[in-house]
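Okay, query00.tsv is below, TSV, C-alpha atoms and all ligand atoms:
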```
chain	number	residue	atom	x	y	z
D	16	MET	CA	12.60	-5.18	7.68
D	17	SER	CA	9.98	-3.97	10.15
D	18	THR	CA	9.62	-0.29	10.93
D	19	PRO	CA	8.63	1.31	14.25
D	20	ALA	CA	4.91	1.23	14.82
D	21	ARG	CA	2.50	3.47	16.68
D	22	PRO	CA	2.92	3.00	20.42
D	23	GLY	CA	1.34	-0.28	21.49
D	24	ARG	CA	1.29	-1.69	17.93
D	25	ALA	CA	3.23	-4.62	16.55
D	26	PRO	CA	5.95	-3.59	14.05
D	27	LEU	CA	4.64	-3.26	10.51
D	28	ASP	CA	6.65	-4.83	7.67
D	29	LEU	CA	6.04	-2.58	4.65
D	30	SER	CA	8.94	-3.94	2.58
D	31	VAL	CA	6.99	-5.33	-0.41
D	32	TYR	CA	3.41	-4.06	-0.41
D	33	LEU	CA	0.97	-5.50	-2.97
D	34	VAL	CA	-1.96	-3.36	-4.15
D	35	THR	CA	-4.43	-5.48	-6.10
D	36	ASP	CA	-6.00	-4.74	-9.47
D	37	THR	CA	-8.81	-7.12	-10.35
D	38	GLY	CA	-8.49	-6.61	-14.12
D	39	MET	CA	-4.75	-7.22	-14.15
D	40	CYS	CA	-5.15	-10.42	-12.14
D	41	GLY	CA	-7.34	-11.67	-15.01
D	42	ALA	CA	-8.66	-15.23	-15.04
D	43	ARG	CA	-6.26	-16.23	-12.24
D	44	GLY	CA	-8.30	-13.99	-9.93
D	45	VAL	CA	-7.34	-11.78	-7.02
D	46	PRO	CA	-7.26	-14.43	-4.24
D	47	ALA	CA	-4.94	-16.78	-6.18
D	48	THR	CA	-2.70	-13.85	-7.12
D	49	VAL	CA	-2.50	-12.78	-3.47
D	50	GLU	CA	-1.74	-16.33	-2.35
D	51	ALA	CA	1.12	-16.65	-4.84
D	52	ALA	CA	2.49	-13.19	-4.05
D	53	VAL	CA	2.53	-13.91	-0.32
D	54	ALA	CA	4.37	-17.18	-1.01
D	55	GLY	CA	6.93	-15.04	-2.87
D	56	GLY	CA	7.40	-12.68	0.07
D	57	VAL	CA	4.82	-9.88	-0.05
D	58	SER	CA	4.46	-8.35	3.43
D	59	VAL	CA	1.23	-6.30	3.10
D	60	VAL	CA	-1.80	-6.66	0.80
D	61	GLN	CA	-4.19	-3.87	-0.11
D	62	LEU	CA	-7.51	-4.62	-1.80
D	63	ARG	CA	-8.07	-1.89	-4.41
D	64	ASP	CA	-10.96	-1.94	-6.88
D	65	HIS	CA	-12.85	1.21	-7.82
D	66	ASP	CA	-15.47	-0.59	-9.90
D	67	LEU	CA	-17.02	-3.23	-7.65
D	68	THR	CA	-20.18	-2.53	-5.67
D	69	ASP	CA	-19.77	-2.54	-1.91
D	70	GLU	CA	-21.38	-5.99	-1.80
D	71	GLU	CA	-18.97	-7.40	-4.40
D	72	PHE	CA	-16.03	-5.71	-2.69
D	73	VAL	CA	-16.92	-7.30	0.66
D	74	ALA	CA	-17.25	-10.75	-0.95
D	75	LEU	CA	-13.84	-10.42	-2.62
D	76	GLY	CA	-12.30	-8.98	0.54
D	77	ARG	CA	-13.48	-11.97	2.56
D	78	GLN	CA	-11.92	-14.36	0.06
D	79	VAL	CA	-8.62	-12.51	0.31
D	80	ARG	CA	-8.85	-12.46	4.08
D	81	GLU	CA	-9.25	-16.27	4.01
D	82	VAL	CA	-6.14	-16.60	1.86
D	83	LEU	CA	-4.19	-14.42	4.30
D	84	ALA	CA	-5.40	-16.19	7.44
D	85	GLY	CA	-2.46	-17.44	9.48
D	86	THR	CA	0.16	-15.76	7.28
D	87	GLY	CA	0.64	-12.68	9.45
D	88	VAL	CA	0.30	-10.52	6.33
D	89	PRO	CA	-2.15	-7.66	7.01
D	90	LEU	CA	-5.07	-6.88	4.69
D	91	ILE	CA	-5.67	-3.18	4.00
D	92	VAL	CA	-8.80	-1.83	2.27
D	93	ASP	CA	-8.37	1.00	-0.25
D	94	ASP	CA	-10.78	3.95	0.22
D	95	ARG	CA	-13.77	2.04	1.62
D	96	VAL	CA	-13.17	2.56	5.32
D	97	HIS	CA	-16.80	1.71	6.04
D	98	LEU	CA	-16.24	-1.90	4.83
D	99	VAL	CA	-13.14	-2.76	6.88
D	100	GLU	CA	-15.10	-4.35	9.69
D	101	GLN	CA	-17.42	-6.39	7.43
D	102	ILE	CA	-14.41	-7.77	5.57
D	103	GLY	CA	-12.51	-8.44	8.77
D	104	ALA	CA	-9.57	-6.49	7.33
D	105	ASP	CA	-6.71	-5.07	9.36
D	106	GLY	CA	-7.06	-1.49	8.24
D	107	ALA	CA	-7.57	1.04	5.46
D	108	HIS	CA	-5.67	3.30	3.10
D	109	VAL	CA	-7.04	6.75	2.22
D	110	GLY	CA	-5.93	9.41	-0.25
D	111	GLN	CA	-6.07	13.19	-0.26
D	112	ARG	CA	-9.55	13.11	-1.81
D	113	ASP	CA	-11.00	10.29	0.32
D	114	VAL	CA	-12.45	10.25	3.83
D	115	PRO	CA	-10.26	12.64	5.91
D	116	ALA	CA	-7.65	10.68	7.87
D	117	ALA	CA	-8.95	11.85	11.27
D	118	ASP	CA	-12.47	10.67	10.37
D	119	ALA	CA	-11.07	7.37	9.08
D	120	ARG	CA	-9.23	6.85	12.37
D	121	SER	CA	-12.43	7.58	14.34
D	122	ALA	CA	-14.32	5.03	12.24
D	123	LEU	CA	-11.58	2.39	12.50
D	124	GLY	CA	-10.86	2.74	16.21
D	125	PRO	CA	-7.35	2.70	17.69
D	126	ASP	CA	-6.31	-0.85	16.81
D	127	ARG	CA	-6.57	-0.99	13.04
D	128	LEU	CA	-3.96	0.21	10.57
D	129	LEU	CA	-4.37	3.43	8.60
D	130	GLY	CA	-2.27	4.71	5.68
D	131	LEU	CA	-2.49	8.06	3.88
D	132	SER	CA	-1.31	8.95	0.35
D	133	VAL	CA	0.95	11.96	-0.10
D	134	SER	CA	2.59	13.37	-3.22
D	135	THR	CA	4.49	16.38	-1.80
D	136	PRO	CA	6.43	17.39	1.33
D	137	GLN	CA	3.68	19.98	1.96
D	138	GLN	CA	1.07	17.22	2.22
D	139	VAL	CA	3.24	15.55	4.87
D	140	ARG	CA	3.43	18.82	6.84
D	141	THR	CA	-0.37	19.12	6.67
D	142	ALA	CA	-0.72	15.55	7.94
D	143	ILE	CA	1.68	16.32	10.80
D	144	ASP	CA	-0.96	18.71	12.16
D	145	LEU	CA	-2.94	15.55	12.92
D	146	ASP	CA	-2.34	13.62	16.09
D	147	PRO	CA	0.61	11.36	15.08
D	148	GLY	CA	-1.38	8.41	16.42
D	149	VAL	CA	-3.91	8.85	13.59
D	150	LEU	CA	-1.62	7.26	10.98
D	151	ASP	CA	0.54	4.15	10.72
D	152	TYR	CA	2.31	4.89	7.44
D	153	LEU	CA	2.36	7.10	4.34
D	154	GLY	CA	2.02	5.92	0.73
D	155	VAL	CA	4.25	8.27	-1.29
D	156	GLY	CA	3.86	8.63	-5.02
D	157	PRO	CA	3.87	8.32	-7.81
D	158	MET	CA	7.57	7.63	-8.13
D	159	TRP	CA	7.31	7.37	-11.92
D	160	ALA	CA	4.47	7.87	-14.39
D	161	THR	CA	2.13	4.91	-14.44
D	162	ALA	CA	-0.88	3.89	-16.51
D	163	THR	CA	-2.35	2.14	-13.46
D	164	LYS	CA	-3.55	5.43	-11.93
D	165	PRO	CA	-4.86	7.84	-14.57
D	166	GLY	CA	-4.61	11.51	-13.60
D	167	HIS	CA	-1.92	10.89	-11.00
D	168	ALA	CA	0.13	13.72	-9.45
D	169	ASP	CA	3.55	14.72	-10.83
D	170	PRO	CA	6.10	11.90	-10.41
D	171	LEU	CA	8.56	12.43	-7.54
D	172	GLY	CA	11.43	10.22	-8.65
D	173	PRO	CA	14.10	8.94	-6.25
D	174	ASP	CA	15.34	12.43	-5.26
D	175	GLY	CA	11.83	13.79	-4.72
D	176	VAL	CA	10.83	10.89	-2.50
D	177	ALA	CA	13.80	11.53	-0.20
D	178	GLU	CA	12.46	15.08	0.34
D	179	VAL	CA	9.22	13.50	1.59
D	180	THR	CA	10.70	10.80	3.80
D	181	VAL	CA	13.02	13.25	5.54
D	182	VAL	CA	10.08	15.27	6.89
D	183	SER	CA	7.81	12.30	7.64
D	184	PRO	CA	7.37	11.07	11.21
D	185	TRP	CA	5.72	7.94	9.79
D	186	PRO	CA	7.25	5.06	7.83
D	187	CYS	CA	6.86	5.65	4.11
D	188	VAL	CA	6.16	3.21	1.27
D	189	ALA	CA	6.84	4.35	-2.31
D	190	ILE	CA	4.33	3.61	-5.10
D	191	GLY	CA	3.96	4.19	-8.84
D	192	GLY	CA	5.84	2.69	-11.75
D	193	ILE	CA	8.02	0.48	-9.54
D	194	ASP	CA	9.39	-2.75	-10.98
D	195	VAL	CA	12.38	-4.99	-10.37
D	196	ALA	CA	14.69	-2.81	-12.48
D	197	ARG	CA	13.71	0.42	-10.71
D	198	ALA	CA	13.38	-0.83	-7.12
D	199	PRO	CA	17.13	-0.59	-6.35
D	200	ARG	CA	17.05	3.12	-7.29
D	201	LEU	CA	14.73	3.71	-4.32
D	202	ARG	CA	17.07	2.17	-1.76
D	203	GLY	CA	18.77	4.55	0.65
D	204	ARG	CA	15.97	7.12	0.38
D	205	GLY	CA	14.53	6.68	3.86
D	206	LEU	CA	11.73	4.37	2.67
D	207	ALA	CA	10.30	1.44	4.63
D	208	GLY	CA	9.21	-0.34	1.46
D	209	ILE	CA	7.87	-0.39	-2.08
D	210	ALA	CA	4.26	-0.82	-3.19
D	211	VAL	CA	3.37	-2.27	-6.58
D	212	VAL	CA	0.29	-3.08	-8.63
D	213	SER	CA	1.24	-4.16	-12.15
D	214	ALA	CA	4.66	-5.61	-11.30
D	215	ILE	CA	2.86	-8.41	-9.46
D	216	CYS	CA	-0.78	-8.46	-10.63
D	217	ALA	CA	0.12	-8.44	-14.35
D	218	ALA	CA	3.00	-10.90	-13.94
D	219	SER	CA	2.57	-14.39	-15.36
D	220	ASP	CA	4.14	-15.75	-12.15
D	221	PRO	CA	3.20	-13.51	-9.19
D	222	CYS	CA	5.17	-15.66	-6.74
D	223	ALA	CA	8.40	-15.23	-8.71
D	224	ALA	CA	7.62	-11.54	-9.29
D	225	ALA	CA	7.21	-10.93	-5.55
D	226	ALA	CA	10.41	-12.84	-4.75
D	227	GLU	CA	12.36	-10.82	-7.34
D	228	LEU	CA	11.02	-7.54	-5.93
D	229	ARG	CA	11.97	-8.65	-2.44
D	230	ARG	CA	15.51	-9.38	-3.60
D	231	ALA	CA	15.73	-6.09	-5.52
D	232	TRP	CA	14.57	-4.16	-2.46
D	233	GLY	CA	16.73	-6.03	0.03
D	234	ASP	CA	16.51	-4.19	3.34
D	235	GLY	CA	16.02	-0.86	1.56
D	236	SER	CA	19.35	0.59	2.62
Z	301	LIG	C1	0.22	2.27	-0.50
Z	301	LIG	C2	-0.63	3.18	-1.31
Z	301	LIG	N1	-0.18	4.41	-1.60
Z	301	LIG	C3	-0.92	5.24	-2.34
Z	301	LIG	C4	-2.17	4.84	-2.81
Z	301	LIG	C5	-3.03	5.76	-3.62
Z	301	LIG	O1	-4.19	6.12	-2.88
Z	301	LIG	P1	-5.18	7.25	-3.46
Z	301	LIG	O2	-4.37	8.48	-3.67
Z	301	LIG	O3	-6.34	7.34	-2.56
Z	301	LIG	O4	-5.61	6.68	-4.85
Z	301	LIG	P2	-6.48	5.35	-5.13
Z	301	LIG	O5	-5.61	4.18	-4.85
Z	301	LIG	O6	-7.67	5.37	-4.24
Z	301	LIG	O7	-6.80	5.48	-6.58
Z	301	LIG	C6	-2.60	3.57	-2.47
Z	301	LIG	N2	-3.81	3.12	-2.87
Z	301	LIG	N3	-1.83	2.75	-1.73
Z	302	LIG	C1	-2.51	3.42	-6.66
Z	302	LIG	C2	-1.40	4.31	-7.06
Z	302	LIG	N1	-1.16	5.47	-6.39
Z	302	LIG	C3	-0.14	6.14	-6.89
Z	302	LIG	S1	0.53	5.40	-8.24
Z	302	LIG	C4	-0.57	4.10	-8.11
Z	302	LIG	C5	-0.59	2.94	-9.04
Z	302	LIG	C6	0.66	2.13	-9.00
Z	302	LIG	O1	0.56	1.08	-9.92
Z	302	LIG	P1	1.82	0.44	-10.64
Z	302	LIG	O2	2.61	-0.26	-9.59
Z	302	LIG	O3	1.23	-0.52	-11.64
Z	302	LIG	O4	2.57	1.55	-11.30
Z	303	MG	MG	-8.08	6.54	-2.56
```

Write out the structure in this file as structure tokens.
Ligand SMILES: Cc1ncc(COP(=O)(O)OP(=O)(O)O)c(N)n1
Ligand SMILES: Cc1ncsc1CCOP(=O)(O)O
Ligand SMILES: [Mg+2]
Amino acid sequence: MSTPARPGRAPLDLSVYLVTDTGMCGARGVPATVEAAVAGGVSVVQLRDHDLTDEEFVALGRQVREVLAGTGVPLIVDDRVHLVEQIGADGAHVGQRDVPAADARSALGPDRLLGLSVSTPQQVRTAIDLDPGVLDYLGVGPMWATATKPGHADPLGPDGVAEVTVVSPWPCVAIGGIDVARAPRLRGRGLAGIAVVSAICAASDPCAAAAELRRAWGDGS
């Protein structure tokens, strides 16, 4: 399901959003994992790696961009807004401790996608003070405790996430501890989609994992 976009933008399908982890992809590698996950139904891909140098990150990003060419699946860059153009990515995702969203939007220009992480309704209200055109979506989490992001904020759970989506003017994608068994518990909470790292990157068959998540999410209602 596509959700309303910023005025003048094509609808953005956030339904199953893959965030990559280079270590979890292992010997298979990030590009092959992305290719399989997209074949299984992933609708957005975010390149996330805190350890690579900028040069290595750009090289990997370009490989992923090649894999995504012609699929219609957008490529989002985690944190490193300054590398979006070099990679030829479609946008960036920033957190509360990254480049401020308004500065990220200035750097990206009006046409690229921008997502912001929030963990509380108050962080949504603070973001609302921005021009609504600054953001395309919110990443809301964590839903459940997860080893993938050490030091994460307090988990929101299905009831907590509904308190965030109800005050958000932007489409929201849930993240953190989501797998096939838990995804149905997030339906009917006002979310546009679910974002996962380990449920796809650490899977032995990322295509099947993506397809199962897509089925478990359905249309989110
Ligand atoms: C879709 C999505 N939502 C949330 C995050 C987390 O971003 P952030 O809080 O900046 O943490 P890092 O990912 O940078 O560790 C995300 N990356 N994607
Ligand atoms: C990047 C991020 N932000 C909040 S939780 C998280 C990690 C989610 O990883 P997983 O899907 O493996 O729990
Ligand atoms: Mg970040």

Expected answer as a PDB file with C-alpha atoms, keeping the file's coordinate frame: residues within 12 Å of ligand MG 303 (chain Z), all atoms listed in the file:
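Result went into out.pdb, see below:
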```pdb
ATOM      1  CA  VAL D  34      -1.960  -3.360  -4.150  1.00  0.00           C
ATOM      2  CA  GLN D  61      -4.190  -3.870  -0.110  1.00  0.00           C
ATOM      3  CA  LEU D  62      -7.510  -4.620  -1.800  1.00  0.00           C
ATOM      4  CA  ARG D  63      -8.070  -1.890  -4.410  1.00  0.00           C
ATOM      5  CA  ASP D  64     -10.960  -1.940  -6.880  1.00  0.00           C
ATOM      6  CA  HIS D  65     -12.850   1.210  -7.820  1.00  0.00           C
ATOM      7  CA  ILE D  91      -5.670  -3.180   4.000  1.00  0.00           C
ATOM      8  CA  VAL D  92      -8.800  -1.830   2.270  1.00  0.00           C
ATOM      9  CA  ASP D  93      -8.370   1.000  -0.250  1.00  0.00           C
ATOM     10  CA  ASP D  94     -10.780   3.950   0.220  1.00  0.00           C
ATOM     11  CA  ARG D  95     -13.770   2.040   1.620  1.00  0.00           C
ATOM     12  CA  VAL D  96     -13.170   2.560   5.320  1.00  0.00           C
ATOM     13  CA  ALA D 107      -7.570   1.040   5.460  1.00  0.00           C
ATOM     14  CA  HIS D 108      -5.670   3.300   3.100  1.00  0.00           C
ATOM     15  CA  VAL D 109      -7.040   6.750   2.220  1.00  0.00           C
ATOM     16  CA  GLY D 110      -5.930   9.410  -0.250  1.00  0.00           C
ATOM     17  CA  GLN D 111      -6.070  13.190  -0.260  1.00  0.00           C
ATOM     18  CA  ARG D 112      -9.550  13.110  -1.810  1.00  0.00           C
ATOM     19  CA  ASP D 113     -11.000  10.290   0.320  1.00  0.00           C
ATOM     20  CA  VAL D 114     -12.450  10.250   3.830  1.00  0.00           C
ATOM     21  CA  PRO D 115     -10.260  12.640   5.910  1.00  0.00           C
ATOM     22  CA  ALA D 116      -7.650  10.680   7.870  1.00  0.00           C
ATOM     23  CA  GLY D 130      -2.270   4.710   5.680  1.00  0.00           C
ATOM     24  CA  LEU D 131      -2.490   8.060   3.880  1.00  0.00           C
ATOM     25  CA  SER D 132      -1.310   8.950   0.350  1.00  0.00           C
ATOM     26  CA  VAL D 133       0.950  11.960  -0.100  1.00  0.00           C
ATOM     27  CA  GLY D 154       2.020   5.920   0.730  1.00  0.00           C
ATOM     28  CA  LYS D 164      -3.550   5.430 -11.930  1.00  0.00           C
ATOM     29  CA  HIS D 167      -1.920  10.890 -11.000  1.00  0.00           C
TER      30      HIS D 167
END
```

Env of Pro221 of chain D: 9 Å cut, atoms = all atoms listed in the file, seq-sep filter 5 positions within chain, self excluded. Answer as number ranges by chain. D: 48-53, 55, 214-216, 226

8 Å per side around ligand LIG 301 (chain Z): axis-aligned box centre and edge lengths, as JSON:
```
{"center_x": -3.7, "center_y": 5.4, "center_z": -3.5, "size_x": 23.9, "size_y": 22.2, "size_z": 22.1}
```

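Nearest to ligand LIG 302 (chain Z) of all the residues D:Thr68, D:Ser236, D:Ser219, D:Thr163 is D:Thr163, based on all atoms listed in the file.
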
Taking only C-alpha atoms into account, which of D:Ser121, D:Ala168, D:Val182, D:Gly156 comes nearest Val139 of chain D? D:Val182

Quick one: pull the distance between atom CA of Val155 of chain D and atom CA of Val188 of chain D, Å, one decimal.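 Taking atom CA of Val155 of chain D as the start and atom CA of Val188 of chain D as the end point, the length is 6.0 Å.
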
Given the choices D:Ser183, D:Ser30, D:Thr37, D:Ser213, which gets closest to Leu67 of chain D if the distance is worked out from all atoms listed in the file?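 Selected residue with least distance to Leu67 of chain D: D:Thr37.
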
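Between atom CA of Gln138 of chain D and atom CA of Val88 of chain D the interatomic distance comes to 28.1 Å.
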
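Between Gly38 of chain D and the residues D:Asp69, D:Val212, D:Glu227, D:Gly233, the shortest atom-to-atom distance, using all atoms listed in the file, involves D:Val212.
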
With only C-alpha atoms and all ligand atoms as the atoms that count, which of D:Leu33, D:Ala223, D:Leu206, D:Ala119 lies nearest to ligand LIG 302 (chain Z)?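 Using only C-alpha atoms and all ligand atoms, the shortest distance to ligand LIG 302 (chain Z) belongs to D:Leu33.
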
Do you know which residues are at most 10 Å from Asp126 of chain D counting all atoms listed in the file, after dropping those on the same chain fewer than 5 positions away, and could you put them as an mmCIF file with C-alpha atoms, in the coordinates of the input?
```cif
data_model
loop_
_atom_site.group_PDB
_atom_site.id
_atom_site.type_symbol
_atom_site.label_atom_id
_atom_site.label_comp_id
_atom_site.auth_asym_id
_atom_site.auth_seq_id
_atom_site.Cartn_x
_atom_site.Cartn_y
_atom_site.Cartn_z
ATOM 1 C CA ARG D 21 2.500 3.470 16.680
ATOM 2 C CA GLY D 23 1.340 -0.280 21.490
ATOM 3 C CA ARG D 24 1.290 -1.690 17.930
ATOM 4 C CA ASP D 105 -6.710 -5.070 9.360
ATOM 5 C CA GLY D 106 -7.060 -1.490 8.240
ATOM 6 C CA ARG D 120 -9.230 6.850 12.370
#
```

Of the candidates D:Glu100, D:Asp66, D:Asp234, D:Asp194, which one gets nearest to ligand LIG 302 (chain Z) if we count all atoms listed in the file?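 Distance minimum relative to ligand LIG 302 (chain Z) lands on D:Asp194.
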
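Of note, atom CA of Ala25 of chain D and atom CA of Thr135 of chain D are spaced 27.9 Å apart.
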
Find the spatial neighbours of Ser58 of chain D, counting only C-alpha atoms, within a cut-off of 6 Å - ignore same-chain residues fewer than 2 positions away - and output them as a count of residues only. 4

When you look at Val45 of chain D with a cut-off of 8 Å (counting all atoms listed in the file), what residues show up, excluding the ones that are within fewer than 5 positions of it in the same chain? I need them as a PyMOL selection string. chain D and resi 35-37+40+75+79

Long-range neighbours of segment 170-176 of chain D as a list of chain:residue names, 8 Å cut-off, all atoms listed in the file, 3 positions minimum in chain: D:Ser134, D:Val155, D:Gly156, D:Pro157, D:Met158, D:Trp159, D:Ala160, D:Val179, D:Thr180, D:Ala189, D:Arg200, D:Leu201, D:Arg204

Where atoms are missing, can you supply N, CA and C atoms for segment 115-142 of chain D and output the lot as a tab-separated table (two decimals), in the frame of the given file?
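Below you can see out_28.tsv, which holds the result:
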```tsv
chain	number	residue	atom	x	y	z
D	115	PRO	N	-11.41	12.04	5.20
D	115	PRO	CA	-10.26	12.64	5.91
D	115	PRO	C	-9.67	11.64	6.91
D	116	ALA	N	-8.34	11.69	7.05
D	116	ALA	CA	-7.65	10.68	7.87
D	116	ALA	C	-8.19	10.66	9.31
D	117	ALA	N	-8.47	11.83	9.87
D	117	ALA	CA	-8.95	11.85	11.27
D	117	ALA	C	-10.31	11.14	11.38
D	118	ASP	N	-11.16	11.34	10.36
D	118	ASP	CA	-12.47	10.67	10.37
D	118	ASP	C	-12.28	9.15	10.17
D	119	ALA	N	-11.35	8.80	9.30
D	119	ALA	CA	-11.07	7.37	9.08
D	119	ALA	C	-10.60	6.72	10.38
D	120	ARG	N	-9.71	7.41	11.09
D	120	ARG	CA	-9.23	6.85	12.37
D	120	ARG	C	-10.39	6.70	13.35
D	121	SER	N	-11.28	7.69	13.42
D	121	SER	CA	-12.43	7.58	14.34
D	121	SER	C	-13.28	6.37	13.98
D	122	ALA	N	-13.49	6.16	12.68
D	122	ALA	CA	-14.32	5.03	12.24
D	122	ALA	C	-13.63	3.70	12.52
D	123	LEU	N	-12.32	3.67	12.37
D	123	LEU	CA	-11.58	2.39	12.50
D	123	LEU	C	-11.32	2.01	13.96
D	124	GLY	N	-11.28	3.02	14.84
D	124	GLY	CA	-10.86	2.74	16.21
D	124	GLY	C	-9.35	2.70	16.30
D	125	PRO	N	-8.80	2.55	17.50
D	125	PRO	CA	-7.35	2.70	17.69
D	125	PRO	C	-6.52	1.52	17.20
D	126	ASP	N	-7.13	0.35	17.03
D	126	ASP	CA	-6.31	-0.85	16.81
D	126	ASP	C	-6.03	-1.18	15.36
D	127	ARG	N	-6.79	-0.62	14.44
D	127	ARG	CA	-6.57	-0.99	13.04
D	127	ARG	C	-5.53	-0.07	12.40
D	128	LEU	N	-4.99	-0.54	11.28
D	128	LEU	CA	-3.96	0.21	10.57
D	128	LEU	C	-4.60	1.26	9.67
D	129	LEU	N	-3.89	2.40	9.51
D	129	LEU	CA	-4.37	3.43	8.60
D	129	LEU	C	-3.18	4.05	7.86
D	130	GLY	N	-3.28	4.06	6.53
D	130	GLY	CA	-2.27	4.71	5.68
D	130	GLY	C	-2.89	5.87	4.94
D	131	LEU	N	-2.06	6.87	4.63
D	131	LEU	CA	-2.49	8.06	3.88
D	131	LEU	C	-1.56	8.28	2.70
D	132	SER	N	-2.13	8.63	1.53
D	132	SER	CA	-1.31	8.95	0.35
D	132	SER	C	-0.83	10.39	0.44
D	133	VAL	N	0.43	10.60	0.08
D	133	VAL	CA	0.95	11.96	-0.10
D	133	VAL	C	1.78	12.00	-1.38
D	134	SER	N	1.80	13.19	-1.99
D	134	SER	CA	2.59	13.37	-3.22
D	134	SER	C	3.59	14.49	-3.11
D	135	THR	N	3.58	15.24	-1.98
D	135	THR	CA	4.49	16.38	-1.80
D	135	THR	C	4.90	16.48	-0.33
D	136	PRO	N	6.06	17.13	-0.07
D	136	PRO	CA	6.43	17.39	1.33
D	136	PRO	C	5.36	18.22	2.04
D	137	GLN	N	4.71	19.15	1.32
D	137	GLN	CA	3.68	19.98	1.96
D	137	GLN	C	2.52	19.13	2.48
D	138	GLN	N	2.16	18.10	1.74
D	138	GLN	CA	1.07	17.22	2.22
D	138	GLN	C	1.48	16.46	3.49
D	139	VAL	N	2.77	16.18	3.62
D	139	VAL	CA	3.24	15.55	4.87
D	139	VAL	C	3.09	16.55	6.01
D	140	ARG	N	3.51	17.80	5.76
D	140	ARG	CA	3.43	18.82	6.84
D	140	ARG	C	1.98	19.01	7.26
D	141	THR	N	1.05	18.99	6.33
D	141	THR	CA	-0.37	19.12	6.67
D	141	THR	C	-0.81	17.93	7.52
D	142	ALA	N	-0.35	16.75	7.18
D	142	ALA	CA	-0.72	15.55	7.94
D	142	ALA	C	-0.13	15.59	9.34
```
